[in-house]
$ cat entry.txt   # compact mmCIF, C-alpha atoms and all ligand atoms
# COMPACT_ATOMS: atom_id res chain seq x y z
CA MET A 1 -18.28 -28.65 -40.84
CA THR A 2 -18.59 -26.45 -37.77
CA LEU A 3 -15.64 -25.31 -35.67
CA GLU A 4 -16.86 -27.62 -32.92
CA GLU A 5 -16.85 -30.55 -35.34
CA ALA A 6 -13.36 -29.61 -36.52
CA GLN A 7 -12.10 -29.58 -32.92
CA LYS A 8 -13.66 -33.00 -32.30
CA GLN A 9 -12.32 -34.42 -35.55
CA VAL A 10 -8.78 -33.31 -34.71
CA ASP A 11 -9.12 -34.75 -31.20
CA GLN A 12 -10.34 -38.08 -32.59
CA TRP A 13 -7.48 -38.17 -35.10
CA VAL A 14 -4.84 -37.44 -32.45
CA LYS A 15 -6.22 -40.15 -30.17
CA THR A 16 -6.48 -42.68 -33.01
CA TYR A 17 -3.29 -42.04 -34.98
CA GLY A 18 -1.18 -39.56 -33.07
CA VAL A 19 -0.94 -41.49 -29.76
CA ARG A 20 -1.21 -38.21 -27.83
CA TYR A 21 -0.95 -34.48 -28.35
CA PHE A 22 2.52 -32.99 -28.59
CA SER A 23 3.10 -30.77 -25.59
CA GLU A 24 1.56 -27.31 -25.70
CA LEU A 25 4.97 -25.73 -26.19
CA THR A 26 5.90 -28.14 -28.97
CA ASN A 27 2.66 -27.35 -30.75
CA MET A 28 3.38 -23.64 -30.35
CA VAL A 29 6.67 -24.22 -32.16
CA VAL A 30 4.93 -26.34 -34.81
CA LEU A 31 2.38 -23.53 -35.27
CA THR A 32 5.21 -21.09 -35.85
CA GLU A 33 6.74 -23.48 -38.37
CA GLU A 34 3.43 -23.84 -40.22
CA VAL A 35 2.89 -20.06 -40.29
CA GLY A 36 6.39 -19.82 -41.79
CA GLU A 37 5.44 -22.30 -44.50
CA LEU A 38 2.37 -20.22 -45.31
CA ALA A 39 4.54 -17.11 -45.36
CA ARG A 40 6.92 -18.75 -47.83
CA VAL A 41 4.07 -19.43 -50.28
CA MET A 42 2.68 -15.91 -49.80
CA ALA A 43 6.11 -14.40 -50.50
CA ARG A 44 6.31 -16.33 -53.74
CA LYS A 45 2.73 -15.81 -54.90
CA TYR A 46 2.05 -12.22 -53.78
CA GLY A 47 5.51 -10.98 -52.90
CA ASP A 48 8.64 -10.46 -54.91
CA GLN A 49 9.95 -14.01 -54.68
CA SER A 50 9.36 -16.69 -57.30
CA PHE A 51 8.60 -20.35 -56.82
CA LYS A 52 11.64 -22.60 -56.87
CA GLU A 53 11.56 -25.66 -59.09
CA GLY A 54 9.32 -28.26 -57.51
CA GLU A 55 7.51 -25.77 -55.27
CA LYS A 56 3.84 -25.15 -55.82
CA ASP A 57 1.12 -22.71 -54.83
CA ASN A 58 -0.43 -24.68 -51.97
CA ILE A 59 -1.83 -21.85 -49.88
CA ASP A 60 -4.92 -23.93 -49.16
CA GLU A 61 -2.81 -26.74 -47.72
CA GLU A 62 -0.69 -24.38 -45.63
CA ILE A 63 -3.73 -22.56 -44.22
CA ALA A 64 -5.23 -25.93 -43.29
CA ASP A 65 -1.94 -26.89 -41.59
CA VAL A 66 -2.06 -23.70 -39.50
CA LEU A 67 -5.69 -24.37 -38.60
CA TRP A 68 -4.88 -27.96 -37.66
CA VAL A 69 -2.27 -26.95 -35.11
CA LEU A 70 -4.48 -24.15 -33.77
CA LEU A 71 -7.24 -26.70 -33.23
CA CYS A 72 -4.77 -28.96 -31.40
CA ILE A 73 -3.70 -26.09 -29.14
CA ALA A 74 -7.34 -25.18 -28.48
CA ASN A 75 -8.17 -28.77 -27.58
CA GLN A 76 -5.29 -29.24 -25.22
CA THR A 77 -5.78 -25.89 -23.49
CA GLY A 78 -9.54 -26.34 -23.10
CA VAL A 79 -10.57 -23.56 -25.46
CA ASP A 80 -13.96 -23.74 -27.18
CA ILE A 81 -13.11 -22.08 -30.48
CA THR A 82 -16.74 -21.55 -31.41
CA ASP A 83 -17.27 -19.47 -28.29
CA ALA A 84 -13.87 -17.77 -28.47
CA PHE A 85 -14.35 -16.84 -32.14
CA ARG A 86 -17.82 -15.44 -31.45
CA LYS A 87 -16.36 -13.28 -28.67
CA SER A 88 -13.53 -12.17 -30.96
CA MET A 89 -16.02 -11.10 -33.65
CA GLU A 90 -18.02 -9.15 -31.06
CA LYS A 91 -14.88 -7.44 -29.77
CA LYS A 92 -13.72 -6.48 -33.25
CA THR A 93 -17.16 -5.21 -34.21
CA LYS A 94 -17.44 -3.09 -31.08
CA ARG A 95 -13.91 -1.73 -31.36
CA ASP A 96 -13.55 -1.31 -35.13
CA ASN A 97 -17.04 -0.74 -36.48
CA LYS A 98 -16.11 2.78 -37.68
CA ARG A 99 -12.33 2.52 -37.77
CA HIS A 100 -11.89 0.85 -41.17
CA ILE A 101 -14.89 2.49 -42.83
CA ASN A 102 -13.37 5.88 -41.97
CA ASN A 103 -9.84 4.97 -43.05
CA PRO A 104 -9.15 6.83 -46.31
CA LYS A 105 -6.12 4.64 -46.99
CA LEU A 106 -8.42 1.67 -47.51
CA LYS A 107 -10.44 3.57 -50.14
CA ASP A 108 -7.50 4.99 -52.05
CA HIS A 109 -5.52 1.80 -52.35
CA GLY A 110 -7.09 0.84 -55.65
CA ARG A 111 -7.56 -2.83 -54.89
CA GLU A 112 -10.82 -4.53 -55.73
MG MG A 201 2.63 -26.85 -43.76

$ encode --input "entry.txt" --output "structure tokens"
Amino acid sequence: MTLEEAQKQVDQWVKTYGVRYFSELTNMVVLTEEVGELARVMARKYGDQSFKEGEKDNIDEEIADVLWVLLCIANQTGVDITDAFRKSMEKKTKRDNKRHINNPKLKDHGRE
């Protein structure tokens, strides 16, 4: 699935089952909530917290929830994510093409 297809699929779903988009500001709040849910799983899986009884490692689900709301916000603000993401990659490549390679902290960290 391309990003364009994902945007269209979300739009179709909202129009079929969701009646209409939540307002842009509501979706911004929902995005924050979903990022918080992802953060909770990250804190338990990679951080010092442990899973409570009944909680599970559902990072995949939480990342998809974040993406879902982002796609909604893109749709309702007229953003073509395919184009915006391409521009973002170009910007990062131009700006950071030596920055991380020359960062000794990234080499000495010992992570694979
Ligand atoms: Mg969630």

$ closest_residue --input "entry.txt" --among "A:Gln49, A:Asn58, A:Asn75, A:Thr82" --to "Glu24 of chain A" --atoms "only C-alpha atoms"
A:Asn75

$ residues_near_ligand --input "entry.txt" --ligand "ligand MG 201 (chain A)" --cutoff "6 Å" --atoms "only C-alpha atoms and all ligand atoms" --output "list of chain:residue names"
A:Glu34, A:Glu37, A:Glu62, A:Asp65

$ write_last_selection --input "entry.txt" --atoms "C-alpha atoms" --output "mmCIF file, in the frame of the given file"
data_model
loop_
_atom_site.group_PDB
_atom_site.id
_atom_site.type_symbol
_atom_site.label_atom_id
_atom_site.label_comp_id
_atom_site.auth_asym_id
_atom_site.auth_seq_id
_atom_site.Cartn_x
_atom_site.Cartn_y
_atom_site.Cartn_z
ATOM 1 C CA GLU A 34 3.430 -23.840 -40.220
ATOM 2 C CA GLU A 37 5.440 -22.300 -44.500
ATOM 3 C CA GLU A 62 -0.690 -24.380 -45.630
ATOM 4 C CA ASP A 65 -1.940 -26.890 -41.590
#

$ atom_distance --input "entry.txt" --atom1 "atom CA of Ile73 of chain A" --atom2 "atom CA of Phe22 of chain A"
9.3 Å

$ closest_atom_pairs --input "entry.txt" --of "segment 45-104 of chain A" --to "segment 25-32 of chain A" --cutoff "10 Å" --atoms "all atoms listed in the file" --output "CSV"
residue,atom,partner,partner_atom,distance
A:Asp65,CA,A:Leu31,CA,8.4
A:Val66,CA,A:Leu31,CA,6.1
A:Leu67,CA,A:Leu31,CA,8.8
A:Trp68,CA,A:Leu31,CA,8.8
A:Val69,CA,A:Leu31,CA,5.8
A:Leu70,CA,A:Leu31,CA,7.0
A:Cys72,CA,A:Asn27,CA,7.6
A:Ile73,CA,A:Asn27,CA,6.7
A:Gln76,CA,A:Asn27,CA,9.9

$ atom_distance --input "entry.txt" --atom1 "atom CA of Gln7 of chain A" --atom2 "atom CA of Asp96 of chain A"
28.4 Å

$ closest_residue --input "entry.txt" --among "A:Ile59, A:Gly78, A:Glu53, A:Leu106" --to "Arg40 of chain A" --atoms "all atoms listed in the file"
A:Ile59

$ closest_residue --input "entry.txt" --among "A:Leu71, A:Ala39, A:Tyr46, A:Arg99" --to "Val10 of chain A" --atoms "all atoms listed in the file"
A:Leu71

$ closest_residue --input "entry.txt" --among "A:Gly47, A:Ile63, A:Gln9, A:Thr77" --to "Ser23 of chain A" --atoms "all atoms listed in the file"
A:Thr77

$ atom_distance --input "entry.txt" --atom1 "atom CA of Ile101 of chain A" --atom2 "atom CA of Phe85 of chain A"
22.1 Å

$ decode --input "entry.txt" --residues "chain A" --atoms "C-alpha atoms" --output "tab-separated table (two decimals), in the first residue's frame"
chain	number	residue	atom	x	y	z
A	1	MET	CA	0.00	0.00	0.00
A	2	THR	CA	1.32	3.44	-0.90
A	3	LEU	CA	0.92	6.50	1.30
A	4	GLU	CA	-1.54	7.87	-1.24
A	5	GLU	CA	-3.60	4.68	-1.00
A	6	ALA	CA	-3.49	4.87	2.80
A	7	GLN	CA	-4.78	8.46	2.71
A	8	LYS	CA	-7.60	7.43	0.37
A	9	GLN	CA	-8.47	4.37	2.44
A	10	VAL	CA	-8.74	6.45	5.62
A	11	ASP	CA	-10.87	9.03	3.78
A	12	GLN	CA	-13.19	6.30	2.48
A	13	TRP	CA	-13.49	4.78	5.95
A	14	VAL	CA	-14.30	8.11	7.59
A	15	LYS	CA	-16.96	8.88	4.98
A	16	THR	CA	-18.46	5.38	5.22
A	17	TYR	CA	-18.33	4.67	8.95
A	18	GLY	CA	-17.20	7.81	10.72
A	19	VAL	CA	-19.90	10.19	9.39
A	20	ARG	CA	-17.31	12.98	9.14
A	21	TYR	CA	-13.83	13.86	10.33
A	22	PHE	CA	-13.46	15.08	13.88
A	23	SER	CA	-12.38	18.70	13.83
A	24	GLU	CA	-8.70	19.37	13.16
A	25	LEU	CA	-8.16	20.38	16.78
A	26	THR	CA	-9.93	17.30	18.11
A	27	ASN	CA	-7.76	15.10	15.92
A	28	MET	CA	-4.69	16.93	17.19
A	29	VAL	CA	-5.75	15.98	20.72
A	30	VAL	CA	-6.47	12.40	19.61
A	31	LEU	CA	-3.00	12.27	18.01
A	32	THR	CA	-1.47	13.34	21.30
A	33	GLU	CA	-3.47	10.66	23.09
A	34	GLU	CA	-2.32	7.98	20.63
A	35	VAL	CA	1.32	9.08	20.93
A	36	GLY	CA	0.87	8.74	24.70
A	37	GLU	CA	-0.41	5.19	24.27
A	38	LEU	CA	2.64	4.36	22.17
A	39	ALA	CA	4.85	5.96	24.81
A	40	ARG	CA	3.27	3.80	27.51
A	41	VAL	CA	4.14	0.60	25.62
A	42	MET	CA	7.67	1.88	24.89
A	43	ALA	CA	8.20	2.68	28.58
A	44	ARG	CA	7.21	-0.85	29.50
A	45	LYS	CA	9.07	-2.67	26.74
A	46	TYR	CA	12.28	-0.61	26.46
A	47	GLY	CA	12.14	1.53	29.57
A	48	ASP	CA	12.19	0.73	33.24
A	49	GLN	CA	8.48	0.07	33.63
A	50	SER	CA	6.88	-3.37	33.46
A	51	PHE	CA	3.62	-4.39	31.85
A	52	LYS	CA	0.65	-4.41	34.19
A	53	GLU	CA	-1.55	-7.47	34.27
A	54	GLY	CA	-3.66	-7.54	31.14
A	55	GLU	CA	-1.41	-5.15	29.21
A	56	LYS	CA	0.41	-6.41	26.17
A	57	ASP	CA	3.21	-5.40	23.83
A	58	ASN	CA	1.13	-3.92	21.02
A	59	ILE	CA	3.60	-1.43	19.58
A	60	ASP	CA	2.45	-2.32	16.08
A	61	GLU	CA	-1.14	-1.43	16.94
A	62	GLU	CA	-0.16	1.83	18.63
A	63	ILE	CA	2.06	2.92	15.73
A	64	ALA	CA	-0.81	2.20	13.36
A	65	ASP	CA	-3.14	4.27	15.57
A	66	VAL	CA	-0.72	7.22	15.39
A	67	LEU	CA	-0.47	6.84	11.61
A	68	TRP	CA	-4.25	6.66	11.30
A	69	VAL	CA	-4.77	10.01	13.01
A	70	LEU	CA	-1.88	11.58	11.08
A	71	LEU	CA	-3.52	10.46	7.85
A	72	CYS	CA	-6.82	11.99	9.01
A	73	ILE	CA	-5.11	15.29	9.79
A	74	ALA	CA	-3.34	15.23	6.42
A	75	ASN	CA	-6.62	14.59	4.61
A	76	GLN	CA	-8.53	17.32	6.33
A	77	THR	CA	-5.76	19.90	5.96
A	78	GLY	CA	-5.13	19.09	2.29
A	79	VAL	CA	-1.65	17.65	2.74
A	80	ASP	CA	-0.35	15.14	0.20
A	81	ILE	CA	1.77	12.95	2.46
A	82	THR	CA	3.60	11.33	-0.43
A	83	ASP	CA	4.86	14.72	-1.57
A	84	ALA	CA	5.43	16.05	1.95
A	85	PHE	CA	7.38	12.93	2.98
A	86	ARG	CA	9.54	13.11	-0.16
A	87	LYS	CA	10.36	16.75	0.65
A	88	SER	CA	11.11	15.82	4.27
A	89	MET	CA	13.55	13.10	3.14
A	90	GLU	CA	15.27	15.56	0.81
A	91	LYS	CA	15.54	18.15	3.58
A	92	LYS	CA	16.99	15.65	6.05
A	93	THR	CA	19.43	14.31	3.49
A	94	LYS	CA	20.65	17.78	2.57
A	95	ARG	CA	20.90	18.94	6.18
A	96	ASP	CA	22.15	15.78	7.91
A	97	ASN	CA	24.08	13.83	5.30
A	98	LYS	CA	27.34	14.21	7.29
A	99	ARG	CA	25.99	15.04	10.72
A	100	HIS	CA	25.21	11.52	11.97
A	101	ILE	CA	28.04	9.79	10.13
A	102	ASN	CA	30.48	12.14	11.92
A	103	ASN	CA	28.85	11.79	15.34
A	104	PRO	CA	31.19	9.67	17.48
A	105	LYS	CA	28.45	9.12	20.04
A	106	LEU	CA	26.56	7.01	17.52
A	107	LYS	CA	29.59	4.76	16.97
A	108	ASP	CA	30.50	4.31	20.61
A	109	HIS	CA	27.06	3.47	21.89
A	110	GLY	CA	27.51	-0.25	21.40
A	111	ARG	CA	24.08	-0.95	19.95
A	112	GLU	CA	23.72	-3.15	16.92
